[in-house]
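Colleague: For reference, the file target-v1.txt (compact mmCIF, C-alpha atoms and all ligand atoms) is included below:
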# COMPACT_ATOMS: atom_id res chain seq x y z
CA MET C 28 -13.14 -117.73 -19.28
CA ALA C 29 -15.42 -120.48 -20.37
CA GLY C 30 -16.21 -122.93 -23.08
CA ILE C 31 -19.45 -122.76 -25.03
CA GLU C 32 -21.74 -125.59 -26.11
CA ILE C 33 -24.36 -124.96 -28.78
CA ASP C 34 -26.73 -127.82 -29.36
CA GLY C 35 -29.39 -128.01 -32.08
CA LEU C 36 -29.75 -124.23 -32.34
CA GLY C 37 -32.52 -123.00 -34.62
CA LYS C 38 -33.91 -119.56 -35.42
CA ARG C 39 -36.59 -118.89 -38.01
CA TYR C 40 -37.87 -115.66 -39.49
CA GLY C 41 -41.22 -116.68 -40.92
CA ALA C 42 -40.53 -119.41 -43.46
CA LEU C 43 -36.78 -118.74 -43.50
CA ALA C 44 -34.49 -120.86 -41.31
CA ALA C 45 -31.79 -118.29 -40.58
CA VAL C 46 -30.05 -120.79 -38.26
CA ASP C 47 -30.85 -124.42 -38.88
CA ASP C 48 -29.86 -127.11 -36.37
CA VAL C 49 -26.41 -125.72 -35.54
CA SER C 50 -24.34 -127.62 -32.98
CA LEU C 51 -20.86 -126.43 -32.00
CA SER C 52 -18.40 -126.59 -29.14
CA VAL C 53 -16.06 -123.72 -28.45
CA ARG C 54 -13.24 -124.65 -26.13
CA GLU C 55 -12.21 -122.45 -23.25
CA GLY C 56 -9.77 -119.84 -24.54
CA GLU C 57 -10.40 -120.80 -28.13
CA PHE C 58 -10.76 -118.31 -31.00
CA LEU C 59 -13.54 -119.64 -33.21
CA THR C 60 -14.72 -117.90 -36.36
CA LEU C 61 -18.06 -118.21 -38.15
CA LEU C 62 -17.29 -117.71 -41.82
CA GLY C 63 -19.62 -117.73 -44.80
CA PRO C 64 -21.35 -115.67 -47.47
CA SER C 65 -23.84 -112.92 -46.74
CA GLY C 66 -27.08 -114.20 -45.26
CA CYS C 67 -25.72 -117.60 -44.13
CA GLY C 68 -26.71 -117.00 -40.50
CA LYS C 69 -23.49 -115.84 -38.86
CA THR C 70 -24.90 -112.77 -37.14
CA THR C 71 -28.07 -114.57 -36.09
CA THR C 72 -25.98 -117.32 -34.45
CA LEU C 73 -23.87 -114.71 -32.66
CA ARG C 74 -26.95 -112.80 -31.50
CA CYS C 75 -28.41 -116.00 -30.10
CA LEU C 76 -25.17 -116.48 -28.16
CA ALA C 77 -25.34 -112.93 -26.86
CA GLY C 78 -28.98 -113.25 -25.86
CA LEU C 79 -30.05 -110.54 -28.31
CA GLU C 80 -32.15 -113.09 -30.17
CA LYS C 81 -34.44 -115.77 -28.79
CA PRO C 82 -33.93 -119.02 -30.70
CA ASP C 83 -36.84 -121.35 -31.41
CA ALA C 84 -34.87 -124.54 -30.94
CA GLY C 85 -31.83 -125.78 -29.09
CA GLU C 86 -29.67 -125.03 -26.10
CA ILE C 87 -26.61 -122.93 -25.31
CA THR C 88 -24.40 -123.36 -22.26
CA ILE C 89 -21.50 -121.14 -21.28
CA GLY C 90 -18.98 -122.47 -18.79
CA GLY C 91 -21.45 -125.27 -18.04
CA ASP C 92 -24.36 -122.89 -17.23
CA ALA C 93 -27.41 -123.02 -19.49
CA VAL C 94 -28.02 -119.50 -20.82
CA THR C 95 -30.63 -120.57 -23.35
CA SER C 96 -32.70 -123.72 -23.49
CA VAL C 97 -35.81 -123.86 -25.59
CA PRO C 98 -36.98 -127.22 -24.16
CA GLU C 99 -36.30 -126.11 -20.55
CA GLN C 100 -37.62 -122.60 -21.18
CA ILE C 101 -34.44 -120.98 -19.93
CA PHE C 102 -33.39 -117.57 -21.25
CA VAL C 103 -30.70 -115.57 -19.48
CA PRO C 104 -30.81 -111.89 -20.55
CA PRO C 105 -27.75 -110.44 -22.35
CA GLU C 106 -26.50 -108.38 -19.41
CA LYS C 107 -26.32 -111.48 -17.21
CA ARG C 108 -24.25 -113.51 -19.68
CA ASP C 109 -20.87 -111.95 -18.91
CA MET C 110 -19.93 -111.40 -22.55
CA GLY C 111 -18.29 -108.52 -24.37
CA MET C 112 -19.47 -107.60 -27.85
CA VAL C 113 -17.82 -105.72 -30.67
CA PHE C 114 -20.00 -104.75 -33.63
CA GLN C 115 -19.32 -103.64 -37.15
CA SER C 116 -20.77 -100.22 -36.34
CA TYR C 117 -18.78 -99.23 -33.29
CA ALA C 118 -21.93 -98.34 -31.31
CA LEU C 119 -20.12 -95.83 -29.08
CA TRP C 120 -21.90 -93.18 -27.04
CA PRO C 121 -21.21 -90.00 -28.98
CA GLN C 122 -21.73 -87.66 -26.01
CA MET C 123 -19.00 -89.41 -24.00
CA ASP C 124 -15.25 -89.27 -24.30
CA VAL C 125 -12.99 -92.29 -24.76
CA PHE C 126 -12.56 -92.94 -21.05
CA GLN C 127 -16.28 -92.71 -20.31
CA ASN C 128 -17.18 -95.06 -23.14
CA VAL C 129 -14.74 -97.69 -21.95
CA ALA C 130 -15.68 -97.20 -18.29
CA TYR C 131 -19.39 -97.65 -18.98
CA PRO C 132 -19.65 -101.44 -18.45
CA LEU C 133 -17.77 -101.12 -15.13
CA ARG C 134 -19.89 -98.20 -13.90
CA ARG C 135 -23.03 -100.15 -14.69
CA ARG C 136 -21.74 -102.89 -12.44
CA ARG C 137 -21.00 -100.31 -9.76
CA VAL C 138 -17.29 -100.98 -9.72
CA ARG C 139 -15.59 -98.47 -7.38
CA ARG C 140 -14.00 -95.39 -8.86
CA PRO C 141 -10.27 -96.17 -8.24
CA GLU C 142 -10.79 -99.64 -9.66
CA VAL C 143 -12.53 -98.14 -12.73
CA GLN C 144 -9.57 -95.78 -13.18
CA ARG C 145 -7.11 -98.64 -12.98
CA ARG C 146 -8.91 -101.02 -15.29
CA VAL C 147 -9.84 -98.49 -17.95
CA GLY C 148 -6.24 -97.20 -17.90
CA GLN C 149 -4.91 -100.72 -18.32
CA THR C 150 -7.30 -101.55 -21.17
CA LEU C 151 -6.65 -98.29 -23.04
CA GLU C 152 -2.97 -99.10 -22.73
CA LEU C 153 -3.66 -102.51 -24.27
CA VAL C 154 -5.41 -101.02 -27.33
CA GLY C 155 -2.90 -98.16 -27.63
CA LEU C 156 -5.30 -95.32 -26.77
CA ALA C 157 -4.01 -94.24 -23.36
CA ALA C 158 -3.04 -90.82 -24.71
CA LEU C 159 -6.55 -90.15 -26.05
CA ALA C 160 -8.56 -90.93 -22.90
CA ASP C 161 -10.12 -87.42 -22.76
CA ARG C 162 -10.89 -87.11 -26.47
CA PRO C 163 -14.59 -87.05 -27.46
CA VAL C 164 -15.19 -90.19 -29.52
CA THR C 165 -16.70 -88.10 -32.31
CA ARG C 166 -13.21 -86.73 -32.90
CA LEU C 167 -11.55 -90.09 -33.54
CA SER C 168 -10.73 -91.92 -36.75
CA GLY C 169 -12.61 -95.09 -37.66
CA GLY C 170 -9.76 -97.28 -36.48
CA GLN C 171 -9.51 -95.42 -33.18
CA GLN C 172 -13.26 -95.70 -32.65
CA GLN C 173 -13.08 -99.41 -33.29
CA ARG C 174 -10.31 -99.69 -30.70
CA VAL C 175 -12.51 -97.88 -28.18
CA ALA C 176 -15.26 -100.40 -28.93
CA LEU C 177 -12.76 -103.19 -28.44
CA ALA C 178 -11.55 -101.72 -25.13
CA ARG C 179 -15.14 -101.40 -23.95
CA ALA C 180 -15.78 -105.07 -24.75
CA LEU C 181 -12.63 -106.20 -22.95
CA VAL C 182 -12.60 -103.89 -19.91
CA SER C 183 -14.72 -106.06 -17.65
CA ARG C 184 -12.66 -109.11 -18.61
CA PRO C 185 -15.72 -111.03 -19.77
CA ARG C 186 -15.50 -114.79 -20.03
CA VAL C 187 -16.48 -114.62 -23.71
CA VAL C 188 -15.98 -111.92 -26.35
CA LEU C 189 -18.23 -111.90 -29.43
CA TYR C 190 -17.15 -110.02 -32.55
CA ASP C 191 -19.42 -109.26 -35.52
CA GLU C 192 -17.38 -108.08 -38.53
CA PRO C 193 -15.50 -105.60 -36.33
CA LEU C 194 -13.02 -104.64 -39.04
CA SER C 195 -15.18 -104.36 -42.11
CA ASN C 196 -15.58 -100.58 -41.90
CA LEU C 197 -11.85 -100.00 -41.85
CA ASP C 198 -9.53 -99.56 -44.81
CA ALA C 199 -7.35 -102.49 -45.85
CA LYS C 200 -4.19 -101.29 -44.13
CA LEU C 201 -5.87 -100.57 -40.82
CA ARG C 202 -7.71 -103.86 -41.05
CA ALA C 203 -4.40 -105.69 -41.26
CA THR C 204 -3.04 -103.81 -38.24
CA MET C 205 -6.17 -104.35 -36.16
CA ARG C 206 -6.14 -108.03 -37.09
CA VAL C 207 -2.76 -108.39 -35.43
CA GLY C 208 -4.03 -106.27 -32.54
CA ILE C 209 -7.05 -108.46 -31.90
CA ARG C 210 -4.95 -111.59 -32.04
CA ASP C 211 -2.52 -110.15 -29.52
CA PHE C 212 -5.26 -109.06 -27.08
CA GLN C 213 -6.88 -112.45 -27.34
CA ARG C 214 -3.61 -114.22 -26.64
CA GLU C 215 -2.82 -111.97 -23.75
CA LEU C 216 -6.24 -112.25 -22.11
CA GLY C 217 -6.93 -115.87 -23.07
CA THR C 218 -10.65 -115.11 -23.40
CA THR C 219 -12.91 -117.40 -25.39
CA ALA C 220 -13.83 -115.61 -28.62
CA VAL C 221 -16.45 -116.13 -31.29
CA TYR C 222 -15.77 -113.98 -34.33
CA VAL C 223 -17.99 -113.42 -37.36
CA THR C 224 -16.64 -112.47 -40.76
CA HIS C 225 -17.14 -113.14 -44.45
CA ASP C 226 -13.46 -112.36 -45.09
CA GLN C 227 -11.43 -115.48 -45.56
CA VAL C 228 -8.06 -113.90 -44.81
CA GLU C 229 -9.34 -112.50 -41.54
CA ALA C 230 -10.77 -115.88 -40.56
CA MET C 231 -7.59 -117.74 -41.49
CA SER C 232 -5.21 -115.41 -39.73
CA LEU C 233 -7.14 -115.06 -36.46
CA SER C 234 -8.77 -118.39 -35.76
CA ASP C 235 -7.90 -121.57 -33.98
CA ARG C 236 -10.84 -123.12 -35.81
CA ILE C 237 -13.26 -121.96 -38.48
CA VAL C 238 -16.92 -122.87 -38.89
CA LEU C 239 -17.99 -122.48 -42.48
CA MET C 240 -21.73 -121.86 -42.84
CA LYS C 241 -24.24 -121.80 -45.68
CA ASP C 242 -28.00 -121.27 -45.51
CA GLY C 243 -28.04 -121.46 -41.72
CA ARG C 244 -26.19 -124.76 -41.61
CA VAL C 245 -22.67 -125.77 -40.71
CA GLN C 246 -20.73 -127.04 -43.73
CA GLN C 247 -17.37 -127.76 -42.14
CA VAL C 248 -15.54 -127.14 -38.88
CA GLY C 249 -11.77 -127.27 -38.86
CA THR C 250 -8.47 -125.50 -38.44
CA PRO C 251 -7.72 -122.86 -41.07
CA ARG C 252 -5.37 -125.34 -42.73
CA ASP C 253 -8.03 -128.10 -42.78
CA ILE C 254 -10.52 -125.82 -44.41
CA TYR C 255 -8.04 -124.46 -46.91
CA GLU C 256 -6.38 -127.73 -47.87
CA ARG C 257 -9.10 -130.31 -47.21
CA PRO C 258 -12.48 -128.76 -48.04
CA ARG C 259 -15.21 -131.29 -47.48
CA ASN C 260 -17.59 -130.32 -50.26
CA TRP C 261 -17.95 -128.26 -53.40
CA PHE C 262 -19.38 -125.26 -51.58
CA VAL C 263 -16.46 -125.07 -49.11
CA ALA C 264 -13.87 -125.64 -51.83
CA ASP C 265 -15.36 -122.89 -53.96
CA PHE C 266 -15.62 -120.53 -51.00
CA VAL C 267 -11.96 -120.97 -50.05
CA GLY C 268 -10.87 -120.29 -53.59
CA TYR C 269 -10.47 -123.57 -55.45
CA GLU C 270 -10.91 -122.68 -59.13
CA ASN C 271 -10.78 -126.01 -60.92
CA PHE C 272 -13.45 -128.69 -60.63
CA PHE C 273 -13.72 -131.66 -62.95
CA ASP C 274 -15.39 -135.04 -63.04
CA ALA C 275 -13.50 -138.30 -62.96
CA ASP C 276 -13.84 -141.96 -62.03
CA ILE C 277 -11.88 -143.68 -59.33
CA VAL C 278 -10.73 -146.84 -61.10
CA GLU C 279 -8.33 -148.24 -58.54
CA ARG C 280 -7.67 -147.94 -54.81
CA ALA C 281 -4.78 -149.03 -52.62
CA GLY C 282 -5.10 -147.82 -49.04
CA ASP C 283 -5.47 -144.05 -49.04
CA ARG C 284 -4.17 -143.80 -52.59
CA ALA C 285 -6.57 -143.73 -55.51
CA ILE C 286 -6.22 -143.69 -59.26
CA ALA C 287 -8.68 -141.46 -61.06
CA ARG C 288 -9.41 -141.32 -64.76
CA LEU C 289 -10.59 -138.06 -66.23
CA ASP C 290 -13.54 -138.05 -68.58
CA GLY C 291 -12.09 -138.39 -72.06
CA GLY C 292 -8.58 -138.54 -70.63
CA GLU C 293 -5.87 -141.05 -71.43
CA VAL C 294 -3.82 -140.45 -68.35
CA ALA C 295 -4.62 -141.67 -64.86
CA LEU C 296 -4.24 -139.31 -61.94
CA GLN C 297 -2.96 -140.37 -58.58
CA CYS C 298 -4.75 -138.77 -55.67
CA PHE C 299 -5.57 -139.33 -52.00
CA GLY C 300 -8.71 -139.64 -49.90
CA GLY C 301 -12.26 -138.99 -50.99
CA PRO C 302 -15.32 -141.20 -50.68
CA ALA C 303 -14.55 -144.89 -50.13
CA GLY C 304 -14.56 -147.33 -53.02
CA ARG C 305 -14.57 -146.71 -56.73
CA GLY C 306 -16.80 -144.80 -59.04
CA ARG C 307 -17.74 -141.29 -59.93
CA VAL C 308 -16.06 -138.40 -58.07
CA ARG C 309 -15.39 -134.72 -58.51
CA LEU C 310 -11.79 -133.59 -58.29
CA CYS C 311 -10.77 -130.09 -57.38
CA VAL C 312 -7.43 -128.37 -57.42
CA ARG C 313 -6.10 -124.86 -57.00
CA SER C 314 -4.74 -122.99 -60.00
CA THR C 315 -1.53 -122.32 -58.06
CA ALA C 316 -0.93 -126.05 -57.50
CA LEU C 317 -0.76 -126.72 -61.24
CA SER C 318 2.17 -126.07 -63.53
CA VAL C 319 2.67 -126.09 -67.28
CA LEU C 320 5.70 -127.29 -69.18
CA PRO C 321 6.31 -126.76 -72.88
CA ALA C 322 5.46 -130.01 -74.75
CA GLU C 323 9.11 -130.62 -75.69
CA GLU C 324 9.92 -130.91 -71.98
CA ARG C 325 7.48 -133.81 -71.58
CA PRO C 326 8.86 -135.78 -68.60
CA GLY C 327 9.74 -139.46 -68.87
CA ASP C 328 7.64 -140.24 -65.83
CA ARG C 329 4.14 -139.23 -66.92
CA THR C 330 2.52 -139.69 -63.51
CA ASN C 331 -0.03 -136.92 -63.02
CA THR C 332 1.06 -135.17 -66.21
CA ILE C 333 -1.55 -134.55 -68.91
CA SER C 334 -1.09 -133.20 -72.42
CA GLY C 335 -3.09 -130.11 -73.24
CA ARG C 336 -3.16 -126.84 -75.11
CA VAL C 337 -3.05 -123.24 -73.88
CA ARG C 338 -6.27 -121.44 -74.82
CA ASP C 339 -5.57 -118.07 -73.28
CA SER C 340 -3.12 -116.32 -70.95
CA MET C 341 -3.54 -113.33 -68.69
CA TYR C 342 -0.77 -111.38 -67.03
CA LEU C 343 -1.82 -110.48 -63.46
CA GLY C 344 1.25 -108.62 -62.25
CA GLY C 345 3.88 -110.95 -60.80
CA GLN C 346 1.76 -113.90 -61.85
CA ILE C 347 0.36 -115.28 -65.05
CA GLU C 348 -2.81 -117.29 -65.47
CA HIS C 349 -3.23 -119.73 -68.34
CA LEU C 350 -6.43 -121.42 -69.41
CA VAL C 351 -5.31 -124.89 -70.44
CA GLU C 352 -7.55 -127.35 -72.20
CA VAL C 353 -6.97 -130.96 -71.16
CA ALA C 354 -9.25 -133.89 -71.93
CA GLY C 355 -12.14 -131.62 -72.86
CA THR C 356 -11.90 -129.55 -69.66
CA VAL C 357 -10.42 -126.10 -69.34
CA LEU C 358 -8.28 -125.66 -66.20
CA ARG C 359 -6.93 -122.45 -64.74
CA VAL C 360 -3.21 -122.55 -64.00
CA ARG C 361 -1.40 -119.80 -62.17
CA GLY C 362 2.33 -119.38 -61.85
CA ALA C 363 4.98 -116.78 -61.13
CA ASP C 364 5.77 -114.39 -63.96
CA PRO C 365 8.59 -114.19 -64.88
CA ASP C 366 8.86 -117.96 -64.53
CA PRO C 367 11.80 -118.82 -62.22
CA ALA C 368 13.03 -121.47 -64.70
CA GLY C 369 12.75 -119.04 -67.62
CA ARG C 370 10.04 -121.04 -69.45
CA THR C 371 7.31 -119.30 -71.37
CA VAL C 372 4.21 -120.71 -72.95
CA SER C 373 1.74 -118.82 -75.11
CA PRO C 374 -1.82 -119.28 -76.34
CA GLY C 375 -1.98 -122.07 -78.93
CA ASP C 376 1.05 -123.95 -77.53
CA ALA C 377 0.87 -127.66 -76.81
CA VAL C 378 1.88 -128.14 -73.17
CA GLU C 379 2.18 -130.70 -70.43
CA LEU C 380 0.12 -129.95 -67.34
CA ARG C 381 1.34 -131.26 -64.00
CA ILE C 382 -1.25 -131.93 -61.30
CA PRO C 383 0.52 -133.02 -58.10
CA ALA C 384 -1.30 -135.90 -56.39
CA GLU C 385 -1.26 -134.27 -52.94
CA SER C 386 -2.91 -131.10 -54.24
CA ILE C 387 -5.99 -132.91 -55.59
CA VAL C 388 -9.07 -132.89 -53.36
CA VAL C 389 -11.53 -135.69 -54.04
CA LEU C 390 -15.19 -134.79 -53.47
CA ASP C 391 -18.49 -136.59 -53.78
CA ALA C 392 -19.73 -136.45 -57.38
CA ASP C 393 -23.27 -135.52 -56.38
CA ASP C 394 -22.31 -132.51 -54.24
CA GLU C 395 -24.55 -129.59 -54.94
CA ALA C 396 -22.94 -126.91 -57.10
CA PRO C 397 -22.45 -123.62 -55.26
CA GLU C 398 -24.23 -120.56 -56.60
CA PRO C 399 -22.00 -118.50 -58.84
CA THR C 400 -22.36 -115.57 -56.46
CA THR C 401 -21.00 -117.48 -53.47
CA ARG C 402 -17.81 -115.51 -53.48
CA GLY C 403 -18.36 -111.80 -53.19
CA LYS C 404 -16.31 -109.48 -55.34
CA GLN C 405 -14.82 -107.96 -52.24
CA ASP C 406 -13.74 -111.37 -51.00
CA ASN C 407 -11.93 -111.97 -54.24
CA LEU C 408 -9.81 -108.92 -53.68
CA ASP C 409 -8.23 -110.17 -50.51
CA ARG C 410 -8.42 -113.86 -51.11
CA VAL C 411 -5.53 -115.91 -49.77
CA GLY C 412 -3.17 -116.70 -52.61
CA SER C 413 -4.28 -113.82 -54.80
CA PRO C 414 -1.59 -111.64 -56.22
N1 LIG I 501 -34.77 -109.56 -38.13
C1 LIG I 501 -34.87 -110.32 -39.23
N2 LIG I 501 -36.05 -110.49 -39.86
C2 LIG I 501 -36.14 -111.26 -40.95
N3 LIG I 501 -35.11 -111.91 -41.53
C3 LIG I 501 -33.90 -111.78 -40.94
C4 LIG I 501 -33.71 -110.96 -39.78
N4 LIG I 501 -32.41 -111.02 -39.44
C5 LIG I 501 -31.81 -111.81 -40.35
N5 LIG I 501 -32.71 -112.27 -41.26
C6 LIG I 501 -32.41 -113.18 -42.38
O1 LIG I 501 -31.79 -114.34 -41.86
C7 LIG I 501 -30.73 -114.77 -42.71
C8 LIG I 501 -29.44 -114.79 -41.92
O2 LIG I 501 -29.08 -113.47 -41.60
P1 LIG I 501 -27.75 -113.08 -40.83
O3 LIG I 501 -27.83 -111.65 -40.51
O4 LIG I 501 -27.56 -114.03 -39.69
O5 LIG I 501 -26.68 -113.37 -41.96
P2 LIG I 501 -25.10 -113.10 -41.96
O6 LIG I 501 -24.46 -114.41 -42.24
O7 LIG I 501 -24.69 -112.39 -40.74
O8 LIG I 501 -24.93 -112.19 -43.25
P3 LIG I 501 -24.01 -110.87 -43.50
O9 LIG I 501 -22.64 -111.42 -43.89
O10 LIG I 501 -24.67 -110.23 -44.67
O11 LIG I 501 -24.00 -110.04 -42.28
C9 LIG I 501 -30.71 -113.81 -43.87
O12 LIG I 501 -31.42 -114.40 -44.94
C10 LIG I 501 -31.42 -112.59 -43.35
O13 LIG I 501 -32.09 -111.91 -44.40
MG MG I 502 -23.93 -110.44 -40.38
Output the file's structure as structure tokens, nothing else.
Ligand SMILES: Nc1ncnc2c1ncn2[C@@H]1O[C@H](COP(=O)(O)OP(=O)(O)OP(=O)(O)O)[C@@H](O)[C@H]1O
Ligand SMILES: [Mg+2]
Modeller:
Amino acid sequence: MAGIEIDGLGKRYGALAAVDDVSLSVREGEFLTLLGPSGCGKTTTLRCLAGLEKPDAGEITIGGDAVTSVPEQIFVPPEKRDMGMVFQSYALWPQMDVFQNVAYPLRRRRVRRPEVQRRVGQTLELVGLAALADRPVTRLSGGQQQRVALARALVSRPRVVLYDEPLSNLDAKLRATMRVGIRDFQRELGTTAVYVTHDQVEAMSLSDRIVLMKDGRVQQVGTPRDIYERPRNWFVADFVGYENFFDADIVERAGDRAIARLDGGEVALQCFGGPAGRGRVRLCVRSTALSVLPAEERPGDRTNTISGRVRDSMYLGGQIEHLVEVAGTVLRVRGADPDPAGRTVSPGDAVELRIPAESIVVLDADDEAPEPTTRGKQDNLDRVGSP
């Protein structure tokens, strides 16, 4: 077991900075996930950690030992780094059976035969494959093959395990099962883990902390809850599924509390945090945090309640999404359907839109807009909070 320090890591391919000045600490025993859209540099970072890629800048230490240092010209080869790796393609040896595949890392280290027997047996037990030890790996299902790959990475009890999208070739049900499996092994073994995925649910459910990357650079590091509830910029907010972004001005501040005025809006919104002082900001809020009331139920206390009109409604199975126009902006609002209070609103209706203060995230107004393709279609399917 060991902590990892990455300092100023850089890797270029020609003119492209695949990894650009990345610095990270992974604590001993921590499960850290690199999350981000395709091409953001997750795999390249992981390969630099593994020693499969030679960076052109920066340093990496594992358990206090430098394994890579560009300034000091240190480069420890992969096999001397004491790491296990699990890839998206299982990379098993097809001519070997389950036992032989898992035993391979131990045999290469010349571990004695009875010890190999014991440790492979134990590890196959852990991944639930003890009964299939003699099966050729070519006669296993995808999920079973991935468990063999996992066992092979864990069998020598490496101080660090690196995972690169290990579940993305599996169907959704198996992915969910393996997710729990990986979390259990990690807890049991207490190994430091760095995990790469572009799947938000996987990252959230497995990780102690998440590193969100874009274009080779770190955008935010935080617990799953931090990232989900307190995204630091537009890109992160969009990536973790915030749907509504609108411009406003902070017109008043008292401690952490701020009053924002929407463009063209009459009503002031209470919110928390954001850049210090007053002035232009961008607010973002999840569709599920908003609620609509029919206009005749307009509350006496109008705090964070804005009048608007329903433009369109879509039934999503168990949920309904309304597009509500308020102060010249159209916001997406999602709620349970049927509504627990028995209210219905329809396109054309005048409504009151409630935006709870604590659900509003205040961002810098000049944040760069994310590309529309940031969120892959596949991500949308298993996004947290989707129906
Ligand atoms: N061997 C290579 N030669 C040239 N460019 C590369 C090479 N490997 C990666 N790249 C580029 O570097 C960038 C980062 O790639 P990387 O594989 O690290 O992304 P990723 O975040 O793992 O993406 P994905 O989710 O698609 O696996 C991409 O633009 C990619 O095209
Ligand atoms: Mg990758």
Colleague: For a quick check of understanding, using only C-alpha atoms, which of C:Arg186, C:Arg236, C:Arg244, C:Arg305 has the smallest distance to Asp48 in chain C?
Modeller: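 With only C-alpha atoms as the atom set, the closest residue is C:Arg244.
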Colleague: Need the shell around Phe272 in chain C: protein/DNA/RNA residues with any atom at most 8 Å away, counting only C-alpha atoms. Skip same-chain ones fewer than 6 positions apart. Format as a list in words?
Modeller: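 So, after excluding close chain neighbours, the residues are Arg309, Leu310, Cys311 and Val312 of chain C.
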Colleague: List as a PyMOL selection string: which residues have an atom within 6 Å of (-20.7, -89.7, -29.4), counting all atoms listed in the file?
Modeller: chain C and resi 120-123+164-165
Colleague: I'd like the contact shell of Met110 in chain C - 8 Å cut-off, all atoms listed in the file, skipping same-chain residues fewer than 3 positions apart - returned as a PyMOL selection string.
Modeller: chain C and resi 77+105-106+180+185-189
Colleague: With C-alpha atoms retained, could you export that selection as a PDB file, in the coordinates of the input?
Modeller:
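Heads up, here's the output in out_6.pdb:
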ATOM      1  CA  ALA C  77     -25.340-112.930 -26.860  1.00  0.00           C
ATOM      2  CA  PRO C 105     -27.750-110.440 -22.350  1.00  0.00           C
ATOM      3  CA  GLU C 106     -26.500-108.380 -19.410  1.00  0.00           C
ATOM      4  CA  ALA C 180     -15.780-105.070 -24.750  1.00  0.00           C
ATOM      5  CA  PRO C 185     -15.720-111.030 -19.770  1.00  0.00           C
ATOM      6  CA  ARG C 186     -15.500-114.790 -20.030  1.00  0.00           C
ATOM      7  CA  VAL C 187     -16.480-114.620 -23.710  1.00  0.00           C
ATOM      8  CA  VAL C 188     -15.980-111.920 -26.350  1.00  0.00           C
ATOM      9  CA  LEU C 189     -18.230-111.900 -29.430  1.00  0.00           C
TER      10      LEU C 189
END
Colleague: Counting all atoms listed in the file, figure out which residue out of C:Arg179, C:Arg174, C:Arg184, C:His225 gets nearest to ligand LIG 501 (chain I).
Modeller: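 Among C:Arg179, C:Arg174, C:Arg184, C:His225, it is C:His225 that comes nearest to ligand LIG 501 (chain I).
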